[in-house]
file protein-v3.csv (CSV, C-alpha atoms)
chain,number,residue,atom,x,y,z
B,87,MET,CA,0.0,0.0,0.0
B,88,SER,CA,1.0,3.6,-0.2
B,89,GLU,CA,0.2,6.8,1.7
B,90,PHE,CA,-2.5,7.3,-0.9
B,91,ALA,CA,-4.2,4.1,-0.1
B,92,GLY,CA,-7.9,4.5,0.7
B,93,LEU,CA,-9.1,4.5,4.3
B,94,TYR,CA,-11.2,1.3,4.1
B,95,GLU,CA,-8.4,-0.6,2.4
B,96,THR,CA,-6.1,0.4,5.2
B,97,ILE,CA,-8.5,-0.3,8.0
B,98,HIS,CA,-9.2,-3.8,6.7
B,99,ALA,CA,-5.6,-4.7,5.8
B,100,ARG,CA,-4.2,-3.5,9.2
B,101,ARG,CA,-2.8,-6.3,11.3
B,102,ASP,CA,-1.1,-6.7,14.8
B,103,VAL,CA,2.3,-7.8,13.6
B,104,ARG,CA,4.6,-10.1,15.5
B,105,GLY,CA,6.5,-12.3,13.1
B,106,GLN,CA,6.8,-10.4,9.8
B,107,PHE,CA,9.2,-7.5,10.8
B,108,THR,CA,12.3,-7.3,8.5
B,109,GLY,CA,14.3,-4.8,10.6
B,110,GLY,CA,14.8,-2.7,7.4
B,111,ASP,CA,15.3,1.0,7.3
B,112,LEU,CA,12.5,3.3,8.1
B,113,PRO,CA,13.1,6.7,6.5
B,114,ASP,CA,12.7,9.8,8.8
B,115,ASP,CA,10.1,11.4,6.6
B,116,VAL,CA,7.9,8.3,6.7
B,117,LEU,CA,8.3,8.1,10.4
B,118,LEU,CA,7.4,11.8,10.7
B,119,ARG,CA,4.2,11.3,8.7
B,120,VAL,CA,3.2,8.5,10.9
B,121,LEU,CA,3.8,10.4,14.1
B,122,GLU,CA,2.0,13.5,12.6
B,123,ALA,CA,-1.0,11.3,12.0
B,124,ALA,CA,-1.0,10.1,15.6
B,125,HIS,CA,-0.6,13.7,16.8
B,126,ALA,CA,-3.7,14.7,14.7
B,127,ALA,CA,-6.0,12.5,16.8
B,128,PRO,CA,-8.9,14.0,18.7
B,129,SER,CA,-8.4,14.6,22.4
B,130,VAL,CA,-10.7,15.5,25.3
B,131,GLY,CA,-10.5,19.2,25.8
B,132,LEU,CA,-7.8,19.4,23.1
B,133,SER,CA,-5.5,18.2,25.9
B,134,GLN,CA,-3.3,16.0,23.5
B,135,PRO,CA,-2.2,14.1,26.6
B,136,TRP,CA,0.1,11.7,24.7
B,137,ASP,CA,3.9,11.6,24.2
B,138,PHE,CA,5.9,9.3,21.9
B,139,VAL,CA,9.2,7.8,23.1
B,140,LEU,CA,11.1,6.3,20.1
B,141,VAL,CA,13.1,3.4,21.3
B,142,ARG,CA,16.1,2.3,19.1
B,143,ASP,CA,18.6,1.5,21.8
B,144,ASP,CA,19.5,-2.2,21.8
B,145,THR,CA,20.1,-2.4,25.5
B,146,LEU,CA,16.7,-1.0,26.3
B,147,ARG,CA,15.0,-3.3,23.8
B,148,LYS,CA,16.7,-6.4,25.1
B,149,ALA,CA,15.8,-5.5,28.7
B,150,PHE,CA,12.2,-5.0,27.6
B,151,TYR,CA,12.2,-8.2,25.6
B,152,GLU,CA,13.5,-10.2,28.7
B,153,HIS,CA,10.7,-8.7,30.8
B,154,VAL,CA,8.1,-9.7,28.2
B,155,GLN,CA,9.3,-13.3,28.2
B,156,THR,CA,8.8,-13.4,32.0
B,157,GLU,CA,5.3,-12.0,31.6
B,158,ARG,CA,4.7,-14.6,28.9
B,159,ASP,CA,5.5,-17.3,31.4
B,160,THR,CA,3.3,-15.8,34.0
B,161,PHE,CA,0.3,-15.8,31.6
B,162,ALA,CA,1.1,-19.3,30.4
B,163,ALA,CA,0.9,-20.6,33.9
B,164,THR,CA,-2.7,-19.4,34.2
B,165,LEU,CA,-3.8,-21.6,31.3
B,166,ASP,CA,-5.2,-25.1,31.2
B,167,ALA,CA,-3.2,-27.6,29.3
B,168,GLU,CA,-4.9,-27.3,25.9
B,169,ALA,CA,-4.8,-23.5,25.9
B,170,ALA,CA,-1.2,-23.6,27.1
B,171,GLU,CA,-0.3,-25.7,24.1
B,172,ARG,CA,-2.1,-23.4,21.7
B,173,PHE,CA,-0.4,-20.4,23.3
B,174,SER,CA,3.0,-22.0,23.1
B,175,ARG,CA,2.8,-21.7,19.3
B,176,ILE,CA,1.9,-18.0,19.2
B,177,LYS,CA,4.6,-15.4,18.9
B,178,ILE,CA,3.7,-12.5,21.1
B,179,ASP,CA,6.2,-9.7,20.2
B,180,GLY,CA,8.6,-8.4,17.6
B,181,VAL,CA,10.6,-6.3,20.0
B,182,LEU,CA,14.0,-7.4,18.8
B,183,GLU,CA,13.2,-7.8,15.1
B,184,SER,CA,11.3,-4.6,14.4
B,185,THR,CA,13.2,-1.5,13.2
B,186,LEU,CA,12.2,0.5,16.3
B,187,SER,CA,9.6,0.8,18.9
B,188,VAL,CA,7.3,3.6,19.9
B,189,VAL,CA,6.1,3.8,23.5
B,190,VAL,CA,3.0,6.0,23.8
B,191,THR,CA,2.4,7.6,27.2
B,192,TYR,CA,-0.4,9.4,28.9
B,193,ASP,CA,-0.1,12.5,31.0
B,194,ALA,CA,-3.2,13.1,33.1
B,195,ALA,CA,-2.0,16.5,34.1
B,196,ARG,CA,-1.8,17.9,30.5
B,197,GLY,CA,-4.2,20.7,30.0
B,198,GLY,CA,-5.3,20.7,33.6
B,199,PRO,CA,-6.6,21.5,36.1
B,200,ALA,CA,-10.0,21.9,34.2
B,201,VAL,CA,-9.9,19.7,31.1
B,202,LEU,CA,-13.0,20.4,29.2
B,203,GLY,CA,-15.0,17.2,29.0
B,204,ARG,CA,-13.0,15.2,31.6
B,205,HIS,CA,-14.7,16.3,34.8
B,206,ALA,CA,-17.2,13.4,34.7
B,207,ILE,CA,-15.0,10.7,33.1
B,208,ALA,CA,-11.6,10.3,34.6
B,209,ASP,CA,-10.4,8.0,31.8
B,210,ALA,CA,-11.3,10.3,29.0
B,211,GLY,CA,-7.7,11.4,28.5
B,212,LEU,CA,-6.6,7.8,28.4
B,213,TYR,CA,-9.2,7.2,25.7
B,214,SER,CA,-7.7,10.1,23.7
B,215,THR,CA,-4.3,8.5,23.9
B,216,CYS,CA,-5.7,5.3,22.3
B,217,LEU,CA,-7.2,7.3,19.5
B,218,ALA,CA,-3.7,8.6,18.7
B,219,ILE,CA,-2.4,5.0,18.7
B,220,GLN,CA,-5.0,3.9,16.2
B,221,ASN,CA,-4.1,6.9,13.9
B,222,LEU,CA,-0.4,5.8,14.1
B,223,TRP,CA,-1.3,2.2,13.4
B,224,LEU,CA,-3.4,3.1,10.3
B,225,ALA,CA,-0.8,5.5,8.9
B,226,ALA,CA,1.9,2.9,9.3
B,227,THR,CA,-0.2,0.4,7.5
B,228,ALA,CA,-0.8,2.8,4.6
B,229,GLU,CA,2.9,3.3,4.4
B,230,GLY,CA,3.4,-0.4,4.1
B,231,LEU,CA,4.8,-0.8,7.6
B,232,GLY,CA,3.8,-3.2,10.4
B,233,VAL,CA,2.8,-2.3,13.9
B,234,GLY,CA,2.7,-4.8,16.8
B,235,TRP,CA,1.2,-3.7,20.2
B,236,VAL,CA,3.0,-5.6,22.9
B,237,SER,CA,1.0,-5.8,26.1
B,238,PHE,CA,2.9,-8.4,28.1
B,239,TYR,CA,4.5,-6.0,30.5
B,240,ARG,CA,4.0,-4.4,33.9
B,241,GLU,CA,3.6,-0.6,33.7
B,242,PRO,CA,6.1,0.2,36.6
B,243,PHE,CA,8.8,-1.8,34.8
B,244,LEU,CA,8.4,0.1,31.6
B,245,SER,CA,8.1,3.5,33.4
B,246,GLY,CA,11.4,2.7,35.2
B,247,LEU,CA,13.1,1.5,32.0
B,248,LEU,CA,12.4,4.7,30.2
B,249,GLY,CA,12.7,7.0,33.2
B,250,LEU,CA,9.1,8.3,32.8
B,251,PRO,CA,8.3,11.2,35.2
B,252,ASP,CA,5.9,10.5,38.0
B,253,GLY,CA,2.3,10.9,36.8
B,254,LEU,CA,3.0,9.6,33.3
B,255,ARG,CA,1.6,6.3,32.4
B,256,PRO,CA,2.8,4.1,29.6
B,257,VAL,CA,-0.2,3.0,27.4
B,258,ALA,CA,1.5,1.0,24.7
B,259,TRP,CA,4.7,-0.4,23.4
B,260,LEU,CA,4.4,-0.5,19.7
B,261,CYS,CA,6.9,-2.3,17.5
B,262,LEU,CA,7.2,-0.5,14.2
B,263,GLY,CA,8.9,-1.1,10.9
B,264,PRO,CA,9.0,-2.6,7.4
B,265,VAL,CA,7.4,-6.1,7.1
B,266,THR,CA,7.6,-8.9,4.6
B,267,HIS,CA,3.8,-8.8,4.4
B,268,LEU,CA,0.6,-8.4,6.4
B,269,GLU,CA,-1.3,-11.6,7.0
B,270,ALA,CA,-4.9,-11.8,5.7
B,271,VAL,CA,-6.2,-13.3,8.9
B,272,PRO,CA,-5.2,-12.2,12.4
B,273,ASP,CA,-2.5,-14.3,14.1
B,274,LEU,CA,-4.8,-15.4,16.9
B,275,GLU,CA,-7.4,-16.6,14.5
B,276,ARG,CA,-4.8,-18.4,12.3
B,277,HIS,CA,-3.5,-20.2,15.4
B,278,GLY,CA,-6.9,-21.2,16.6
B,279,TRP,CA,-6.8,-19.1,19.7
B,280,ARG,CA,-10.1,-17.2,19.0
B,281,ARG,CA,-12.4,-16.4,16.2
B,282,ARG,CA,-13.7,-13.0,15.2
B,283,ARG,CA,-17.2,-12.2,16.3
B,284,PRO,CA,-19.8,-11.3,13.7
B,285,LEU,CA,-20.6,-7.6,13.6
B,286,ALA,CA,-24.3,-8.3,13.9
B,287,GLU,CA,-23.8,-9.7,17.4
B,288,ALA,CA,-22.3,-6.3,18.5
B,289,LEU,CA,-25.2,-4.2,17.2
B,290,HIS,CA,-28.1,-3.0,19.4
B,291,THR,CA,-30.8,-0.4,18.9
B,292,ASP,CA,-32.2,2.1,21.4
B,293,GLY,CA,-31.0,0.1,24.4
B,294,TRP,CA,-29.6,-3.4,25.1
K,197,MET,CA,-14.7,13.4,0.8
K,198,SER,CA,-15.6,9.9,-0.3
K,199,GLU,CA,-14.9,6.4,0.9
K,200,PHE,CA,-12.0,6.5,-1.5
K,201,ALA,CA,-10.4,9.4,0.2
K,202,GLY,CA,-6.8,8.8,1.2
K,203,LEU,CA,-5.9,8.0,4.8
K,204,TYR,CA,-3.9,11.1,5.6
K,205,GLU,CA,-6.5,13.4,4.1
K,206,THR,CA,-9.1,11.8,6.3
K,207,ILE,CA,-7.0,11.9,9.4
K,208,HIS,CA,-6.2,15.5,9.1
K,209,ALA,CA,-9.7,16.6,8.0
K,210,ARG,CA,-11.4,14.8,10.9
K,211,ARG,CA,-13.0,17.0,13.5
K,212,ASP,CA,-15.0,16.6,16.7
K,213,VAL,CA,-18.3,18.0,15.5
K,214,ARG,CA,-20.8,19.9,17.7
K,215,GLY,CA,-22.4,22.6,15.6
K,216,GLN,CA,-22.5,21.4,12.0
K,217,PHE,CA,-24.9,18.5,12.0
K,218,THR,CA,-27.8,18.7,9.5
K,219,GLY,CA,-29.9,15.9,10.8
K,220,GLY,CA,-30.1,14.6,7.2
K,221,ASP,CA,-30.6,11.0,6.2
K,222,LEU,CA,-27.8,8.5,6.8
K,223,PRO,CA,-28.3,5.5,4.4
K,224,ASP,CA,-28.1,2.1,5.9
K,225,ASP,CA,-25.3,0.9,3.6
K,226,VAL,CA,-23.1,3.9,4.6
K,227,LEU,CA,-23.8,3.3,8.3
K,228,LEU,CA,-22.9,-0.4,7.9
K,229,ARG,CA,-19.5,0.5,6.3
K,230,VAL,CA,-18.7,2.8,9.2
K,231,LEU,CA,-19.6,0.2,11.8
K,232,GLU,CA,-17.7,-2.5,9.9
K,233,ALA,CA,-14.7,-0.2,10.0
K,234,ALA,CA,-15.1,0.1,13.8
K,235,HIS,CA,-15.5,-3.6,14.1
K,236,ALA,CA,-12.2,-4.2,12.2
K,237,ALA,CA,-10.2,-2.6,14.9
K,238,PRO,CA,-7.4,-4.5,16.7
K,239,SER,CA,-8.2,-5.9,20.1
K,240,VAL,CA,-6.3,-7.4,22.9
K,241,GLY,CA,-6.4,-11.2,22.6
K,242,LEU,CA,-8.8,-10.7,19.7
K,243,SER,CA,-11.5,-10.1,22.4
K,244,GLN,CA,-13.4,-7.5,20.4
K,245,PRO,CA,-14.9,-6.3,23.7
K,246,TRP,CA,-17.0,-3.5,22.1
K,247,ASP,CA,-20.7,-3.2,21.3
K,248,PHE,CA,-22.5,-0.5,19.4
K,249,VAL,CA,-25.9,0.8,20.6
K,250,LEU,CA,-27.6,2.9,17.9
K,251,VAL,CA,-29.7,5.5,19.5
K,252,ARG,CA,-32.4,7.0,17.3
K,253,ASP,CA,-35.3,7.3,19.8
K,254,ASP,CA,-36.1,10.9,20.6
K,255,THR,CA,-37.1,10.3,24.2
K,256,LEU,CA,-33.7,8.7,24.9
K,257,ARG,CA,-31.9,11.5,23.2
K,258,LYS,CA,-33.7,14.2,25.0
K,259,ALA,CA,-33.1,12.5,28.3
K,260,PHE,CA,-29.4,12.3,27.6
K,261,TYR,CA,-29.3,15.9,26.3
K,262,GLU,CA,-30.9,17.1,29.6
K,263,HIS,CA,-28.3,15.1,31.6
K,264,VAL,CA,-25.5,16.7,29.5
K,265,GLN,CA,-26.7,20.2,30.3
K,266,THR,CA,-26.6,19.4,34.0
K,267,GLU,CA,-23.1,18.2,33.7
K,268,ARG,CA,-22.2,21.2,31.6
K,269,ASP,CA,-23.3,23.4,34.6
K,270,THR,CA,-21.3,21.2,37.0
K,271,PHE,CA,-18.1,21.8,35.0
K,272,ALA,CA,-18.8,25.5,34.5
K,273,ALA,CA,-19.0,25.9,38.2
K,274,THR,CA,-15.4,24.7,38.6
K,275,LEU,CA,-14.0,27.4,36.3
K,276,ASP,CA,-12.7,30.9,37.1
K,277,ALA,CA,-14.6,33.8,35.6
K,278,GLU,CA,-12.5,34.2,32.5
K,279,ALA,CA,-12.6,30.5,31.7
K,280,ALA,CA,-16.3,30.3,32.4
K,281,GLU,CA,-16.9,33.1,30.0
K,282,ARG,CA,-14.9,31.4,27.2
K,283,PHE,CA,-16.7,28.1,28.0
K,284,SER,CA,-20.1,29.7,27.8
K,285,ARG,CA,-19.5,30.3,24.0
K,286,ILE,CA,-18.6,26.7,23.3
K,287,LYS,CA,-21.2,24.2,22.1
K,288,ILE,CA,-20.5,20.9,23.7
K,289,ASP,CA,-22.8,18.5,22.0
K,290,GLY,CA,-25.0,17.8,18.9
K,291,VAL,CA,-27.2,15.2,20.6
K,292,LEU,CA,-30.5,16.6,19.3
K,293,GLU,CA,-29.3,17.8,15.9
K,294,SER,CA,-27.3,14.8,14.7
K,295,THR,CA,-29.1,12.1,12.7
K,296,LEU,CA,-28.4,9.4,15.3
K,297,SER,CA,-26.0,8.6,18.1
K,298,VAL,CA,-23.8,5.5,18.6
K,299,VAL,CA,-23.0,4.5,22.2
K,300,VAL,CA,-19.9,2.3,22.3
K,301,THR,CA,-19.6,0.0,25.3
K,302,TYR,CA,-16.9,-2.2,26.8
K,303,ASP,CA,-17.4,-5.7,28.1
K,304,ALA,CA,-14.5,-6.7,30.3
K,305,ALA,CA,-15.7,-10.3,30.4
K,306,ARG,CA,-15.6,-10.8,26.6
K,307,GLY,CA,-13.1,-13.5,25.7
K,308,GLY,CA,-12.3,-14.3,29.3
K,309,PRO,CA,-11.2,-15.6,31.6
K,310,ALA,CA,-7.8,-15.7,30.1
K,311,VAL,CA,-7.6,-12.8,27.6
K,312,LEU,CA,-4.2,-13.1,25.8
K,313,GLY,CA,-2.3,-9.9,26.5
K,314,ARG,CA,-4.5,-8.6,29.3
K,315,HIS,CA,-3.2,-10.4,32.4
K,316,ALA,CA,-0.7,-7.6,33.1
K,317,ILE,CA,-2.7,-4.5,32.0
K,318,ALA,CA,-6.3,-4.5,33.2
K,319,ASP,CA,-7.2,-1.6,30.9
K,320,ALA,CA,-6.0,-3.2,27.7
K,321,GLY,CA,-9.6,-4.1,26.7
K,322,LEU,CA,-10.7,-0.6,27.3
K,323,TYR,CA,-7.9,0.6,25.0
K,324,SER,CA,-9.2,-1.8,22.3
K,325,THR,CA,-12.6,-0.2,22.5
K,326,CYS,CA,-11.1,3.2,21.8
K,327,LEU,CA,-9.3,1.9,18.7
K,328,ALA,CA,-12.7,0.8,17.4
K,329,ILE,CA,-14.0,4.3,18.1
K,330,GLN,CA,-11.2,5.9,16.1
K,331,ASN,CA,-11.8,3.6,13.1
K,332,LEU,CA,-15.5,4.6,13.3
K,333,TRP,CA,-14.6,8.3,13.4
K,334,LEU,CA,-12.2,8.1,10.4
K,335,ALA,CA,-14.6,6.0,8.3
K,336,ALA,CA,-17.4,8.5,9.0
K,337,THR,CA,-15.1,11.4,8.0
K,338,ALA,CA,-14.2,9.7,4.8
K,339,GLU,CA,-18.0,9.2,4.1
K,340,GLY,CA,-18.5,13.0,4.5
K,341,LEU,CA,-20.2,12.6,7.9
K,342,GLY,CA,-19.4,14.2,11.2
K,343,VAL,CA,-18.8,12.6,14.6
K,344,GLY,CA,-19.0,14.3,18.0
K,345,TRP,CA,-17.8,12.6,21.1
K,346,VAL,CA,-19.9,13.8,24.0
K,347,SER,CA,-18.2,13.2,27.4
K,348,PHE,CA,-20.3,15.4,29.6
K,349,TYR,CA,-22.1,12.5,31.3
K,350,ARG,CA,-21.9,10.2,34.2
K,351,GLU,CA,-21.5,6.5,33.3
K,352,PRO,CA,-24.2,5.2,35.7
K,353,PHE,CA,-26.7,7.5,34.2
K,354,LEU,CA,-26.0,6.3,30.6
K,355,SER,CA,-25.9,2.7,31.7
K,356,GLY,CA,-29.3,3.1,33.3
K,357,LEU,CA,-30.8,5.0,30.3
K,358,LEU,CA,-29.8,2.2,27.9
K,359,GLY,CA,-30.4,-0.7,30.2
K,360,LEU,CA,-26.8,-1.9,29.9
K,361,PRO,CA,-26.2,-5.3,31.7
K,362,ASP,CA,-24.0,-5.3,34.8
K,363,GLY,CA,-20.3,-5.4,33.8
K,364,LEU,CA,-20.7,-3.4,30.7
K,365,ARG,CA,-19.2,0.1,30.7
K,366,PRO,CA,-20.2,2.9,28.3
K,367,VAL,CA,-17.1,4.4,26.8
K,368,ALA,CA,-18.5,6.9,24.4
K,369,TRP,CA,-21.6,8.7,23.2
K,370,LEU,CA,-20.9,9.6,19.6
K,371,CYS,CA,-23.2,11.9,17.6
K,372,LEU,CA,-23.1,10.9,14.0
K,373,GLY,CA,-24.6,12.1,10.8
K,374,PRO,CA,-24.3,14.4,7.8
K,375,VAL,CA,-22.8,17.8,8.4
K,376,THR,CA,-22.7,21.1,6.5
K,377,HIS,CA,-18.9,21.0,6.6
K,378,LEU,CA,-15.9,20.2,8.8
K,379,GLU,CA,-14.1,23.2,10.3
K,380,ALA,CA,-10.5,23.6,9.4
K,381,VAL,CA,-9.5,24.4,13.0
K,382,PRO,CA,-10.7,22.5,16.1
K,383,ASP,CA,-13.6,24.2,17.9
K,384,LEU,CA,-11.7,24.6,21.1
K,385,GLU,CA,-8.8,26.3,19.3
K,386,ARG,CA,-11.2,28.6,17.3
K,387,HIS,CA,-12.9,29.6,20.6
K,388,GLY,CA,-9.6,30.3,22.3
K,389,TRP,CA,-9.9,27.6,24.8
K,390,ARG,CA,-6.6,25.9,24.1
K,391,ARG,CA,-4.0,25.7,21.3
K,392,ARG,CA,-2.6,22.6,19.8
K,393,ARG,CA,0.8,21.5,21.0
K,394,PRO,CA,3.6,21.1,18.5
K,395,LEU,CA,4.5,17.5,17.7
K,396,ALA,CA,8.2,18.2,18.5
K,397,GLU,CA,7.3,18.7,22.2
K,398,ALA,CA,5.7,15.2,22.3
K,399,LEU,CA,8.8,13.4,20.9
K,400,HIS,CA,11.5,11.7,23.0
K,401,THR,CA,14.2,9.2,22.1
K,402,ASP,CA,15.3,6.2,24.2
K,403,GLY,CA,13.9,7.6,27.4
K,404,TRP,CA,12.4,10.7,28.8

call {"tool": "encode", "arguments": {"input": "protein-v3.csv", "output": "structure tokens"}}
result
Amino acid sequence: MSEFAGLYETIHARRDVRGQFTGGDLPDDVLLRVLEAAHAAPSVGLSQPWDFVLVRDDTLRKAFYEHVQTERDTFAATLDAEAAERFSRIKIDGVLESTLSVVVTYDAARGGPAVLGRHAIADAGLYSTCLAIQNLWLAATAEGLGVGWVSFYREPFLSGLLGLPDGLRPVAWLCLGPVTHLEAVPDLERHGWRRRRPLAEALHTDGW
Amino acid sequence: MSEFAGLYETIHARRDVRGQFTGGDLPDDVLLRVLEAAHAAPSVGLSQPWDFVLVRDDTLRKAFYEHVQTERDTFAATLDAEAAERFSRIKIDGVLESTLSVVVTYDAARGGPAVLGRHAIADAGLYSTCLAIQNLWLAATAEGLGVGWVSFYREPFLSGLLGLPDGLRPVAWLCLGPVTHLEAVPDLERHGWRRRRPLAEALHTDGW
């Protein structure tokens, strides 16, 4: 795909990538377009509470990778035998293989004390941060890149690793970079972990 | 714009709409494409924890609108005089004017008990729901529609209004429908509430 790919094409081609990263170069101008797309997301009270930490340093990535493996084991230990067997075949991250990672953080103090639209819903700023992540994900997809959201980590570990100031919360570790291809079917469906739900089951009218 | 609009064009044209809804018809096939885009979002453990409640009923919308006005007053009372004056000029919702609303909910039990990727981060499923919302928002934008996320409400009120089952959490009330136009500059910036932050301030490398 290219940056001119249509929106629907991009939305439906997007995948959560673990195994297809090549580690190839990611030109600065492409990375900038992707980050500008993220930064153009809507945010409660125009607070733009996100930051983006680009992680290229090998020592940091290896330390995070080791932590992810520990968390993988922790999760595996909660599964019954059949689920554990299925899980053992699933690759859960591309931290070492991807060209770089982007850690997206949330600052609850940004735009305060009175953030328009957040007085009743404390999590609204966290929601905004996720909207930026989806923009990043789609822009990367349109650029022919892959994104993999790694969630096998403890937030205090990642905050410590990156030296995040108090009050900042890491929301996502995103592996990013060129890929060989995007799979047509999500990894977890291909590996028999779980099937997608039909849209019709998710639709309701005027109440539940 | 059209459904064939490019991704970047859509991302940068997207606005949080309050004042430009026409209340015009929204054809079923267009609405379905928008909802399919939302439903194609990534989700932790392929849990797809979202549901979409389409709200067209006037009684429900008026009840929600009245609640929003009350919350508007609650927020206004927290502001100093100058901010209160600026806030008084800002329209915060298009609940009555938009063609319909879509309430997006989160079900923490979906895909459980062992949701792959959620054992360490309890909010990961909530994050997934927000990714679906951004897909919906962009698809609507590409279709020439407007979306306005209303966050001046209390979650228990909305849960009660729609009869949501215990354990489901409303994440967003989205006004949706045809608009006269999308503004070039966000409402809150046009009204002097807050300026956008330069991207460069949000970028960090290998730590804070």

call {"tool": "residues_around", "arguments": {"input": "protein-v3.csv", "residues": "Gln155 of chain B", "least_positions_apart": "3", "cutoff": "10 Å", "atoms": "only C-alpha atoms", "output": "list in words"}}
result
Phe150, Tyr151, Glu152, Arg158, Asp159, Thr160, Phe161, Ile178, Asp179, Phe238 and Tyr239 of chain B

call {"tool": "interface_residues", "arguments": {"input": "protein-v3.csv", "of": "chain B", "to": "chain K", "cutoff": "6 Å", "atoms": "only C-alpha atoms", "output": "JSON, numbers by chain"}}
result
{"B": [90, 91, 92, 93, 137, 138, 139, 140, 141, 203, 206, 213, 216, 217, 220, 237, 238, 240, 248, 249, 250, 288, 289, 290, 291, 292, 293, 294]}

call {"tool": "atom_distance", "arguments": {"input": "protein-v3.csv", "atom1": "atom CA of Asp193 of chain B", "atom2": "atom CA of Leu254 of chain B"}}
result
4.8 Å

call {"tool": "atom_distance", "arguments": {"input": "protein-v3.csv", "atom1": "atom CA of His263 of chain K", "atom2": "atom CA of Gly220 of chain K"}}
result
24.5 Å

call {"tool": "atom_distance", "arguments": {"input": "protein-v3.csv", "atom1": "atom CA of Arg214 of chain K", "atom2": "atom CA of Leu222 of chain B"}}
result
25.1 Å

call {"tool": "residues_around", "arguments": {"input": "protein-v3.csv", "residues": "Leu372 of chain K", "least_positions_apart": "6", "cutoff": "6 Å", "atoms": "all atoms listed in the file", "output": "number ranges by chain"}}
result
K: 294, 296-297, 342-343
